[in-house]
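Participant: My structure is in input24.cif, and what it holds is mmCIF, C-alpha atoms and all ligand atoms:
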data_protein
#
loop_
_atom_site.label_atom_id
_atom_site.label_comp_id
_atom_site.auth_asym_id
_atom_site.auth_seq_id
_atom_site.Cartn_x
_atom_site.Cartn_y
_atom_site.Cartn_z
CA MET A 1 57.27 -37.61 -80.63
CA PHE A 2 55.27 -35.65 -78.05
CA PHE A 3 52.02 -36.59 -79.81
CA SER A 4 52.77 -40.33 -79.88
CA LEU A 5 53.77 -40.24 -76.22
CA PHE A 6 50.46 -38.55 -75.41
CA GLN A 7 48.60 -41.22 -77.41
CA ARG A 8 50.38 -44.00 -75.54
CA GLN A 9 49.36 -42.57 -72.18
CA LYS A 10 45.72 -42.00 -73.07
CA THR A 11 43.11 -43.94 -71.13
CA PHE A 12 39.66 -44.78 -72.45
CA THR A 13 36.74 -47.01 -71.55
CA SER A 14 36.38 -50.37 -73.18
CA CYS A 15 36.37 -54.07 -72.35
CA GLU A 16 38.33 -57.11 -73.43
CA TRP A 17 35.37 -58.38 -75.47
CA LEU A 18 34.87 -55.11 -77.33
CA GLU A 19 38.56 -54.87 -78.08
CA HIS A 20 39.50 -58.46 -78.83
CA GLY A 21 36.54 -60.82 -78.42
CA ILE A 22 34.68 -63.08 -80.80
CA HIS A 23 31.70 -65.24 -80.00
CA PHE A 24 30.71 -67.95 -82.47
CA ASN A 25 26.99 -68.46 -81.88
CA ILE A 26 24.37 -70.54 -83.68
CA ASP A 27 22.78 -67.50 -85.32
CA GLY A 28 25.92 -65.55 -86.12
CA LEU A 29 29.05 -63.87 -84.83
CA TYR A 30 28.82 -61.63 -81.77
CA HIS A 31 31.31 -59.30 -80.13
CA CYS A 32 30.76 -60.75 -76.69
CA CYS A 33 29.05 -63.58 -74.87
CA GLU A 34 27.98 -61.81 -71.69
CA TYR A 35 24.26 -62.36 -72.24
CA PHE A 36 23.31 -61.19 -68.80
CA HIS A 37 24.66 -57.69 -69.26
CA GLY A 38 22.68 -57.13 -72.44
CA GLY A 39 25.63 -55.65 -74.24
CA THR A 40 26.79 -55.95 -77.82
CA ASN A 41 25.60 -59.50 -77.52
CA ASN A 42 21.99 -58.54 -78.14
CA PHE A 43 22.27 -59.17 -81.84
CA PRO A 44 24.65 -61.02 -84.09
CA VAL A 45 27.00 -58.75 -85.98
CA SER A 46 26.93 -61.00 -88.97
CA ASN A 47 24.26 -63.62 -89.41
CA VAL A 48 24.91 -67.14 -90.53
CA LEU A 49 25.23 -67.18 -94.32
CA PRO A 50 23.15 -69.49 -96.52
CA ASN A 51 26.20 -71.78 -96.90
CA ASN A 52 26.09 -72.34 -93.11
CA ASN A 53 29.19 -70.26 -92.50
CA TYR A 54 29.87 -66.87 -90.94
CA ASP A 55 30.53 -63.53 -92.60
CA TYR A 56 33.95 -62.95 -91.01
CA LYS A 57 34.69 -59.90 -93.16
CA LYS A 58 31.62 -58.09 -91.84
CA PHE A 59 32.52 -59.02 -88.27
CA PHE A 60 36.06 -57.68 -88.45
CA LYS A 61 34.90 -54.53 -90.22
CA GLU A 62 32.53 -53.81 -87.35
CA LYS A 63 35.17 -54.72 -84.76
CA LYS A 64 37.39 -52.04 -86.23
CA ILE A 65 34.60 -49.45 -85.94
CA ILE A 66 33.95 -50.46 -82.30
CA ARG A 67 37.65 -50.09 -81.46
CA LYS A 68 37.83 -46.70 -83.17
CA ASN A 69 34.69 -45.54 -81.32
CA SER A 70 35.92 -46.59 -77.88
CA ARG A 71 39.05 -44.54 -78.47
CA LYS A 72 36.77 -41.55 -79.11
CA GLY A 73 34.78 -42.24 -75.92
CA ILE A 74 31.80 -43.77 -77.73
CA ILE A 75 30.44 -46.99 -76.22
CA SER A 76 27.37 -48.91 -77.34
CA LYS A 77 24.23 -48.18 -75.30
CA ARG A 78 23.86 -51.92 -74.82
CA CYS A 79 27.07 -51.99 -72.77
CA ILE A 80 26.04 -49.34 -70.27
CA ASP A 81 26.28 -50.57 -66.65
CA CYS A 82 28.25 -53.65 -67.64
CA PRO A 83 30.85 -54.34 -64.92
CA HIS A 84 33.35 -55.36 -67.59
CA LEU A 85 33.73 -51.81 -68.87
CA THR A 86 37.07 -50.48 -67.63
CA ASN A 87 38.76 -47.16 -67.97
CA LYS A 88 42.45 -47.83 -68.44
CA LYS A 89 45.34 -47.55 -70.86
CA TRP A 90 44.16 -50.02 -73.47
CA ASN A 91 46.46 -50.87 -76.30
CA LYS A 92 45.96 -48.05 -78.78
CA SER A 93 46.31 -50.31 -81.81
CA ILE A 94 43.08 -51.21 -83.54
CA ASP A 95 44.56 -54.23 -85.28
CA ASN A 96 42.50 -57.39 -85.45
CA ILE A 97 43.96 -59.37 -82.61
CA ILE A 98 41.65 -61.87 -80.94
CA THR A 99 42.38 -62.74 -77.32
CA LYS A 100 38.95 -63.99 -76.22
CA ILE A 101 36.99 -66.71 -77.95
CA ALA A 102 33.62 -68.12 -76.96
CA ILE A 103 32.40 -71.09 -78.96
CA SER A 104 28.76 -72.12 -79.16
CA SER A 105 28.39 -72.59 -82.90
CA PHE A 106 26.20 -75.66 -82.45
CA SER A 107 23.12 -76.38 -80.36
CA LYS A 108 22.86 -80.15 -80.07
CA CYS A 109 22.90 -81.48 -76.55
CA ASN A 110 22.55 -84.84 -74.84
CA ALA A 111 20.81 -83.24 -71.85
CA SER A 112 17.61 -81.25 -71.69
CA CYS A 113 17.94 -78.87 -68.75
CA LEU A 114 14.90 -77.04 -67.43
CA TYR A 115 16.76 -73.75 -67.58
CA CYS A 116 18.39 -74.12 -70.99
CA SER A 117 17.71 -71.33 -73.48
CA THR A 118 16.89 -74.04 -76.02
CA SER A 119 14.42 -75.94 -73.81
CA TYR A 120 11.32 -74.43 -75.44
CA ASN A 121 12.13 -76.20 -78.73
CA LYS A 122 14.68 -78.92 -78.04
CA LYS A 123 13.81 -80.95 -81.14
CA TYR A 124 14.55 -78.00 -83.41
CA TYR A 125 17.85 -77.12 -81.70
CA ASN A 126 19.01 -80.73 -81.71
CA SER A 127 18.37 -80.89 -85.46
CA LEU A 128 20.48 -77.81 -86.40
CA LYS A 129 23.74 -78.46 -88.21
CA ASP A 130 27.02 -77.39 -86.57
CA ILE A 131 28.71 -74.37 -88.09
CA HIS A 132 32.31 -75.35 -88.71
CA ILE A 133 35.03 -73.00 -87.46
CA PHE A 134 38.19 -75.12 -87.43
CA ASP A 135 39.49 -73.87 -90.82
CA PHE A 136 38.96 -70.27 -89.75
CA LEU A 137 40.77 -70.83 -86.42
CA LYS A 138 43.72 -72.45 -88.17
CA LYS A 139 43.91 -69.55 -90.63
CA CYS A 140 43.78 -66.98 -87.80
CA TYR A 141 46.48 -68.82 -85.90
CA LYS A 142 48.70 -68.99 -89.02
CA ASN A 143 48.20 -65.25 -89.60
CA LYS A 144 48.80 -64.42 -85.92
CA ILE A 145 45.29 -63.00 -85.44
CA ILE A 146 44.92 -65.40 -82.57
CA THR A 147 47.93 -66.23 -80.47
CA ALA A 148 48.56 -69.05 -78.05
CA ASP A 149 47.72 -66.92 -75.00
CA CYS A 150 44.13 -66.61 -76.17
CA ASP A 151 41.34 -67.24 -73.67
CA ILE A 152 39.04 -69.93 -75.07
CA GLU A 153 35.70 -70.90 -73.57
CA TRP A 154 33.60 -73.66 -75.05
CA GLY A 155 29.90 -73.89 -74.31
CA GLY A 156 27.16 -75.12 -76.51
CA GLY A 157 25.10 -77.22 -76.96
CA GLU A 158 27.23 -80.00 -75.63
CA PRO A 159 30.83 -79.55 -76.84
CA THR A 160 31.82 -83.22 -76.73
CA ILE A 161 29.21 -84.13 -79.37
CA ALA A 162 30.06 -81.21 -81.69
CA ASP A 163 31.57 -82.31 -85.03
CA GLU A 164 34.95 -80.59 -84.65
CA PHE A 165 35.44 -80.70 -80.89
CA ASP A 166 38.20 -83.33 -80.65
CA GLU A 167 40.08 -81.96 -83.67
CA ILE A 168 40.08 -78.40 -82.35
CA VAL A 169 41.07 -79.35 -78.79
CA ASN A 170 43.94 -81.48 -80.10
CA PHE A 171 45.02 -78.63 -82.40
CA LEU A 172 45.05 -76.18 -79.47
CA LEU A 173 47.03 -78.62 -77.32
CA ASP A 174 49.49 -79.35 -80.14
CA ASN A 175 50.07 -75.60 -80.49
CA SER A 176 50.62 -74.96 -76.78
CA PHE A 177 47.47 -73.00 -75.96
CA PRO A 178 47.66 -72.78 -72.16
CA LEU A 179 44.02 -73.22 -71.17
CA ILE A 180 40.75 -74.35 -72.69
CA LYS A 181 37.59 -73.90 -70.63
CA VAL A 182 34.91 -76.44 -71.43
CA HIS A 183 31.32 -76.50 -70.17
CA SER A 184 30.10 -80.05 -70.56
CA SER A 185 27.08 -82.05 -69.44
CA GLY A 186 29.57 -84.82 -68.59
CA ILE A 187 27.31 -87.44 -70.19
CA LYS A 188 29.75 -88.34 -72.96
CA TYR A 189 33.32 -89.10 -71.91
CA SER A 190 35.82 -87.21 -74.07
CA LYS A 191 39.35 -88.42 -74.76
CA ALA A 192 40.28 -84.90 -75.93
CA ILE A 193 39.23 -83.47 -72.55
CA GLU A 194 41.14 -86.26 -70.84
CA ARG A 195 44.28 -85.28 -72.77
CA ALA A 196 43.79 -81.59 -71.88
CA LEU A 197 43.37 -82.48 -68.19
CA ARG A 198 46.45 -84.71 -68.24
CA GLU A 199 48.42 -81.78 -69.69
CA ASP A 200 47.01 -79.31 -67.10
CA LYS A 201 45.36 -77.28 -69.85
CA CYS A 202 41.69 -77.58 -69.16
CA ASP A 203 39.08 -76.15 -66.84
CA LEU A 204 36.19 -78.57 -67.11
CA ILE A 205 32.90 -77.25 -65.72
CA ILE A 206 30.05 -79.71 -65.25
CA SER A 207 26.77 -78.41 -63.90
CA ILE A 208 25.05 -81.23 -62.03
CA ASP A 209 22.73 -78.97 -59.93
CA SER A 210 21.77 -81.89 -57.71
CA GLY A 211 23.09 -84.72 -55.58
CA THR A 212 20.58 -87.46 -56.31
CA SER A 213 19.54 -89.31 -59.41
CA GLU A 214 15.88 -88.24 -59.03
CA LEU A 215 16.61 -84.54 -58.74
CA TYR A 216 19.17 -84.73 -61.54
CA LYS A 217 16.58 -86.26 -63.87
CA LYS A 218 14.03 -83.61 -62.95
CA ILE A 219 16.44 -80.78 -63.74
CA LYS A 220 18.51 -82.19 -66.58
CA GLY A 221 15.68 -84.07 -68.31
CA VAL A 222 17.71 -87.26 -68.78
CA ASP A 223 18.40 -90.29 -66.62
CA SER A 224 22.21 -90.01 -66.72
CA PHE A 225 23.22 -89.21 -63.14
CA ASN A 226 25.25 -92.38 -62.55
CA LYS A 227 27.01 -92.12 -65.92
CA VAL A 228 27.95 -88.48 -65.25
CA ILE A 229 29.30 -89.28 -61.77
CA GLU A 230 31.38 -92.13 -63.20
CA ASN A 231 32.81 -89.80 -65.90
CA ILE A 232 33.54 -87.05 -63.35
CA LYS A 233 35.47 -89.53 -61.19
CA HIS A 234 37.53 -90.54 -64.20
CA TYR A 235 38.24 -86.94 -65.26
CA GLN A 236 39.19 -86.10 -61.67
CA SER A 237 41.61 -89.03 -61.50
CA VAL A 238 43.49 -88.22 -64.74
CA GLN A 239 44.45 -84.66 -63.78
CA ASN A 240 48.16 -84.15 -63.56
CA ASN A 241 49.49 -81.88 -60.80
CA LYS A 242 46.63 -79.51 -60.31
CA LYS A 243 43.68 -81.26 -58.78
CA TYR A 244 41.26 -78.39 -59.10
CA GLN A 245 40.62 -78.29 -62.84
CA VAL A 246 37.37 -80.23 -62.69
CA VAL A 247 34.64 -77.93 -61.38
CA LEU A 248 31.15 -78.99 -60.36
CA LYS A 249 28.51 -76.34 -60.67
CA TYR A 250 25.23 -75.89 -58.83
CA ILE A 251 22.69 -73.55 -60.36
CA ILE A 252 20.14 -72.74 -57.66
CA LEU A 253 16.63 -73.12 -59.09
CA ASP A 254 13.78 -71.51 -57.21
CA GLY A 255 11.46 -74.18 -55.72
CA ILE A 256 13.38 -77.06 -57.34
CA ASN A 257 16.79 -77.56 -55.72
CA ASP A 258 16.80 -74.74 -53.14
CA THR A 259 16.59 -76.57 -49.80
CA LYS A 260 19.50 -77.12 -47.40
CA GLU A 261 18.96 -80.85 -47.83
CA ASP A 262 19.39 -80.54 -51.64
CA ILE A 263 22.63 -78.67 -51.08
CA ILE A 264 23.99 -81.18 -48.56
CA ASN A 265 23.16 -84.01 -51.02
CA PHE A 266 25.09 -82.12 -53.68
CA PHE A 267 28.17 -81.77 -51.46
CA ASN A 268 28.03 -85.47 -50.50
CA CYS A 269 28.12 -86.22 -54.19
CA VAL A 270 31.01 -83.78 -54.78
CA ILE A 271 33.00 -85.44 -51.98
CA ASP A 272 32.28 -88.89 -53.42
CA THR A 273 33.77 -87.86 -56.81
CA GLY A 274 36.92 -86.45 -55.19
CA VAL A 275 36.32 -83.02 -56.79
CA ILE A 276 37.49 -80.09 -54.66
CA ASN A 277 36.20 -77.19 -56.70
CA VAL A 278 32.59 -75.99 -56.71
CA ARG A 279 30.82 -73.04 -58.30
CA CYS A 280 27.44 -71.68 -57.37
CA ASP A 281 25.30 -69.83 -59.86
CA LEU A 282 21.77 -68.49 -60.25
CA GLU A 283 19.36 -69.04 -63.08
CA MET A 284 19.46 -66.20 -65.60
CA LYS A 285 15.67 -65.96 -65.90
CA TRP A 286 15.30 -65.81 -62.11
CA CYS A 287 17.88 -63.02 -61.92
CA LEU A 288 16.14 -60.97 -64.58
CA GLN A 289 12.75 -61.40 -62.91
CA ASN A 290 13.94 -60.75 -59.35
CA LYS A 291 16.88 -58.40 -59.69
CA ASN A 292 14.93 -55.66 -57.87
CA ASN A 293 13.12 -57.88 -55.35
CA ASN A 294 15.06 -57.34 -52.11
CA GLU A 295 13.12 -59.95 -50.17
CA LYS A 296 13.82 -62.72 -52.66
CA ILE A 297 17.44 -61.64 -53.11
CA THR A 298 17.98 -61.69 -49.32
CA LYS A 299 16.56 -65.22 -49.08
CA MET A 300 18.79 -66.30 -51.92
CA PHE A 301 21.86 -64.75 -50.24
CA GLU A 302 21.01 -66.68 -47.05
CA LEU A 303 21.03 -69.93 -48.99
CA MET A 304 24.26 -68.96 -50.76
CA LYS A 305 25.81 -68.23 -47.36
CA PHE A 306 24.81 -71.68 -46.13
CA MET A 307 26.35 -73.20 -49.25
CA GLN A 308 29.58 -71.26 -48.84
CA GLU A 309 29.94 -72.19 -45.16
CA TYR A 310 29.19 -75.83 -45.91
CA ALA A 311 31.84 -75.87 -48.65
CA GLU A 312 34.40 -74.29 -46.29
CA SER A 313 33.62 -76.84 -43.57
CA LYS A 314 34.43 -79.61 -46.09
CA ASN A 315 37.59 -77.88 -47.45
CA ILE A 316 36.04 -77.47 -50.85
CA HIS A 317 37.05 -74.46 -52.89
CA TYR A 318 33.94 -72.40 -53.60
CA ALA A 319 33.27 -69.53 -55.99
CA TYR A 320 30.45 -67.78 -57.81
CA ASN A 321 29.67 -67.84 -61.49
CA THR A 322 28.45 -65.05 -63.78
CA GLN A 323 24.83 -64.51 -62.74
CA ALA A 324 25.47 -64.93 -59.02
CA ASP A 325 28.40 -62.58 -59.29
CA PHE A 326 26.29 -59.96 -61.03
CA ILE A 327 23.54 -60.10 -58.38
CA ILE A 328 26.16 -59.84 -55.61
CA LYS A 329 27.68 -56.77 -57.24
CA LYS A 330 24.26 -55.21 -57.83
CA HIS A 331 23.10 -55.81 -54.23
CA LYS A 332 26.37 -55.21 -52.44
CA ASN A 333 24.69 -53.82 -49.32
CA LEU A 334 22.22 -56.68 -48.95
CA TYR A 335 25.01 -59.15 -49.58
CA GLU A 336 27.19 -57.61 -46.90
CA LYS A 337 24.28 -57.57 -44.43
CA VAL A 338 23.71 -61.32 -44.90
CA PHE A 339 27.33 -62.40 -45.15
CA MET A 340 28.96 -60.18 -42.49
S1 LIG B 401 31.00 -54.08 -71.94
FE1 LIG B 401 29.95 -55.93 -71.23
S2 LIG B 401 28.22 -56.19 -72.59
FE2 LIG B 401 29.64 -54.77 -73.59
S3 LIG B 401 30.92 -56.05 -74.89
FE3 LIG B 401 31.96 -55.84 -72.92
S4 LIG B 401 31.35 -57.62 -71.74
FE4 LIG B 401 29.91 -57.40 -73.45
S1 LIG B 402 23.79 -79.07 -70.68
FE1 LIG B 402 23.84 -76.90 -71.31
S2 LIG B 402 23.32 -76.93 -73.50
FE2 LIG B 402 22.70 -78.92 -72.66
S3 LIG B 402 20.54 -78.67 -72.13
FE3 LIG B 402 21.76 -78.21 -70.28
S4 LIG B 402 22.06 -75.98 -70.33
FE4 LIG B 402 21.39 -76.62 -72.40
#
Will you turn the file into structure tokens for me?
Facilitator:
Amino acid sequence: MFFSLFQRQKTFTSCEWLEHGIHFNIDGLYHCCEYFHGGTNNFPVSNVLPNNNYDYKKFFKEKKIIRKNSRKGIISKRCIDCPHLTNKKWNKSIDNIITKIAISSFSKCNASCLYCSTSYNKKYYNSLKDIHIFDFLKKCYKNKIITADCDIEWGGGEPTIADEFDEIVNFLLDNSFPLIKVHSSGIKYSKAIERALREDKCDLIISIDSGTSELYKKIKGVDSFNKVIENIKHYQSVQNNKKYQVVLKYIILDGINDTKEDIINFFNCVIDTGVINVRCDLEMKWCLQNKNNNEKITKMFELMKFMQEYAESKNIHYAYNTQADFIIKKHKNLYEKVFM
């Protein structure tokens, strides 16, 4: 009795991904999708098998070892310094329960962004076959390995052109999953996303990074600005009660879209679509190259401050995404100097 009480009270360091996360990637299954923190995401736990499927058994075996280790105070070296590590009273059970899912089991995309990790060999990535995960998800749901409060984030490639996208989204909606986050180029209109928005169960994030057709084409590699704006307007109009589920993202790219004029053009475009939710982010490569360059970081913070103040002046809700958030946390003092 005393022993089990002690066990219940014990705190240890871990993170939601280590405990309960699964990331379906094009080269295998990973324990997390936080690329920027260089954690357990550095390598796939189980590679894609020759039959174009995943080795789920191997993944769950390793997950169990990770959970056991964190309870003994052992954390992977690749997780050190990650802000997601938390010391708290985690659930002591090491059962296979999945509460965080990231899906990028396909690499096809209808855009060709300058900053995409696949940009160096687009033809190859667009030719890869999707790895199908719907049967596995259904099985996990049936066996209560994933439950309806699971956090699901869909990236890619472009989700709307993935083979199983509509089927999976409809399955999740039919089974009352509360929220599906989708990162889309916005080029293809999706009826499944429309349904999820109508039912208040979708965060749709579209990164347009520009406010003019010319700049859009330069960054995204395709001439689809007008089509995307039209689709955004439609998505925005079908939302039910909450009007903030469609999010437009702006990734600041050094020397490409980093003038005040570029940012004002972007906000004019946001206002035209009726969207009231904006996220600012930084390019991952830029962050890795400049994370210790105080001069460049200060200049970037000044631009981010301008962006934030402009958003506030237009009553647009504004927040930061992963990379920007990381740089802010890492350079707290510089950030406070610029923003205070
Ligand atoms: S601690 Fe960070 S890097 Fe490690 S698994 Fe968690 S989120 Fe990923
Ligand atoms: S929309 Fe996303 S997946 Fe497609 S090219 Fe751009 S960054 Fe890559």
Participant: Write out as a list in words the residues lying within 10 Å of A:Leu18, counting all atoms listed in the file and excluding same-chain residues fewer than 4 positions away.
Facilitator: Ser14, Ile22, Tyr30, His31, Cys32, Gly39, Thr40, Lys63, Lys64, Ile66, Arg67, Ser70, Ile75, Ser76, Cys79, His84, Leu85 and Lys100 of chain A
Participant: How close does each residue of chain A get to ligand LIG 402 (chain B), giving the shortest atom pair and distance in Å to one decimal for every residue with an atom at most 7 Å away, counting all atoms listed in the file, sorted by chain and residue number, as CSV?
Facilitator:
residue,atom,partner,partner_atom,distance
A:Ser107,CA,B:LIG402,S2,6.9
A:Cys109,CA,B:LIG402,FE2,4.7
A:Asn110,CA,B:LIG402,FE2,6.3
A:Ala111,CA,B:LIG402,S3,4.6
A:Ser112,CA,B:LIG402,S3,3.9
A:Cys113,CA,B:LIG402,FE3,4.2
A:Tyr115,CA,B:LIG402,S4,6.4
A:Cys116,CA,B:LIG402,FE4,4.2
A:Ser117,CA,B:LIG402,FE4,6.5
A:Thr118,CA,B:LIG402,FE4,6.3
A:Ser119,CA,B:LIG402,S3,6.9
A:Gly156,CA,B:LIG402,S2,5.2
A:Gly157,CA,B:LIG402,S2,3.9
A:Glu158,CA,B:LIG402,S2,5.4
A:Ser184,CA,B:LIG402,S1,6.4
A:Ser185,CA,B:LIG402,S1,4.6
A:Lys220,CA,B:LIG402,FE3,6.3
Participant: I need the chosen residues saved as a CSV table (one decimal), in the frame of the given file, with C-alpha atoms.
Facilitator:
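Contents of selection19.csv, freshly written:
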chain,number,residue,atom,x,y,z
A,107,SER,CA,23.1,-76.4,-80.4
A,109,CYS,CA,22.9,-81.5,-76.6
A,110,ASN,CA,22.6,-84.8,-74.8
A,111,ALA,CA,20.8,-83.2,-71.8
A,112,SER,CA,17.6,-81.2,-71.7
A,113,CYS,CA,17.9,-78.9,-68.8
A,115,TYR,CA,16.8,-73.8,-67.6
A,116,CYS,CA,18.4,-74.1,-71.0
A,117,SER,CA,17.7,-71.3,-73.5
A,118,THR,CA,16.9,-74.0,-76.0
A,119,SER,CA,14.4,-75.9,-73.8
A,156,GLY,CA,27.2,-75.1,-76.5
A,157,GLY,CA,25.1,-77.2,-77.0
A,158,GLU,CA,27.2,-80.0,-75.6
A,184,SER,CA,30.1,-80.0,-70.6
A,185,SER,CA,27.1,-82.0,-69.4
A,220,LYS,CA,18.5,-82.2,-66.6
Participant: Could the centre and edge lengths of an axis-aligned box, enclosing all atoms of stretch 208-221 of chain A in the file with 3 Å extra on each side, be given in Å to one decimal as AutoDock Vina command-line options?
Facilitator:
--center_x 19.5 --center_y -84.1 --center_z -61.9 --size_x 17.0 --size_y 16.3 --size_z 18.7
Participant: Which of these, A:Arg71, A:Lys191, A:Lys77, A:Lys305, has the shortest distance to A:Ile263 once you count all atoms listed in the file?
Facilitator: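 The shortest atom-to-atom distance to A:Ile263 comes from A:Lys305.
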Participant: So that I can see what lies close to A:Phe136, please list as a list in words the residues with an atom at most 10 Å from it, counting all atoms listed in the file and leaving out residues fewer than 5 positions away in the same chain.
Facilitator: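 The contact residues come out as Tyr54, Tyr56, Tyr141 and Lys142 of chain A.
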Participant: Compile the contact shell of A:Ile152 as a PyMOL selection string: residues with an atom at most 7 Å away, counting all atoms listed in the file, same-chain residues fewer than 2 positions apart removed.
Facilitator: chain A and resi 100-102+150+154+180-181
Participant: Between atom CA of A:Asn265 and atom CA of A:Asp209, what distance in Å does the model show, to one decimal?
Facilitator: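 Pair atom CA of A:Asn265 / atom CA of A:Asp209 returns 10.2 Å.
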Participant: Could you check how far atom CA of A:Ile256 sits from atom CA of A:Tyr320, in Å to one decimal?
Facilitator: 19.4 Å
Participant: Between atom CA of A:Gly155 and atom CA of A:His23, what is the distance in Å, rounded to a tenth?
Facilitator: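 So the answer is 10.5 Å.
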Participant: What's the 9 Å shell around A:Arg279, counting only C-alpha atoms, without same-chain residues fewer than 2 positions away, as a PyMOL selection string?
Facilitator: chain A and resi 205+207+247-251+277+281+317-321
Participant: So, with all atoms listed in the file as the atoms that count, which of A:Asp81, A:Glu19, A:Asp135, A:Glu164 lies closest to A:Asp95?
Facilitator: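 Smallest separation from A:Asp95 among the options: A:Glu19.
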Participant: Using all atoms listed in the file, can you tell me which of A:Ile161, A:Thr147, A:Tyr189, A:Lys68 comes closest to A:Asn175?
Facilitator: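 That would be A:Thr147, the residue with the smallest distance to A:Asn175.
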Participant: Please determine, counting all atoms listed in the file, which residue among A:Lys123, A:Leu282, A:Thr13, A:Glu302 has the shortest atom-to-atom distance to A:Ala324.
Facilitator: A:Leu282
Participant: Looking at A:Ser313, A:Thr86, A:Gln323, A:Ser127, which one is nearest to ligand LIG 401 (chain B), with distances taken over all atoms listed in the file?
Facilitator: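 Residue with the minimum atom-to-atom distance to ligand LIG 401 (chain B): A:Thr86.
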Participant: What lies within 12 Å of A:Asp223 using only C-alpha atoms, ignoring chain neighbours under 2 positions off, as a list in words?
Facilitator: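 What passes the distance filter is Asn110, Ala111, Ser112, Cys113, Ile187, Thr212, Ser213, Glu214, Leu215, Tyr216, Lys217, Lys218, Ile219, Lys220, Gly221, Phe225, Asn226, Lys227, Val228 and Ile229 of chain A.
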Participant: Got time to write the residues from that selection, C-alpha atoms, as a short mmCIF file (atom, residue, chain, number, x, y, z; two decimals), in the frame of the given file?
Facilitator:
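Written out: selection.cif:
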data_model
loop_
_atom_site.label_atom_id
_atom_site.label_comp_id
_atom_site.auth_asym_id
_atom_site.auth_seq_id
_atom_site.Cartn_x
_atom_site.Cartn_y
_atom_site.Cartn_z
CA ASN A 110 22.55 -84.84 -74.84
CA ALA A 111 20.81 -83.24 -71.85
CA SER A 112 17.61 -81.25 -71.69
CA CYS A 113 17.94 -78.87 -68.75
CA ILE A 187 27.31 -87.44 -70.19
CA THR A 212 20.58 -87.46 -56.31
CA SER A 213 19.54 -89.31 -59.41
CA GLU A 214 15.88 -88.24 -59.03
CA LEU A 215 16.61 -84.54 -58.74
CA TYR A 216 19.17 -84.73 -61.54
CA LYS A 217 16.58 -86.26 -63.87
CA LYS A 218 14.03 -83.61 -62.95
CA ILE A 219 16.44 -80.78 -63.74
CA LYS A 220 18.51 -82.19 -66.58
CA GLY A 221 15.68 -84.07 -68.31
CA PHE A 225 23.22 -89.21 -63.14
CA ASN A 226 25.25 -92.38 -62.55
CA LYS A 227 27.01 -92.12 -65.92
CA VAL A 228 27.95 -88.48 -65.25
CA ILE A 229 29.30 -89.28 -61.77
#
Participant: Return the single residue from A:Asn87, A:Asn315, A:Asn126, A:Asn257 that is closest to ligand LIG 401 (chain B), with distances computed using all atoms listed in the file.
Facilitator: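 Checking each candidate against ligand LIG 401 (chain B), we get A:Asn87 as the closest.
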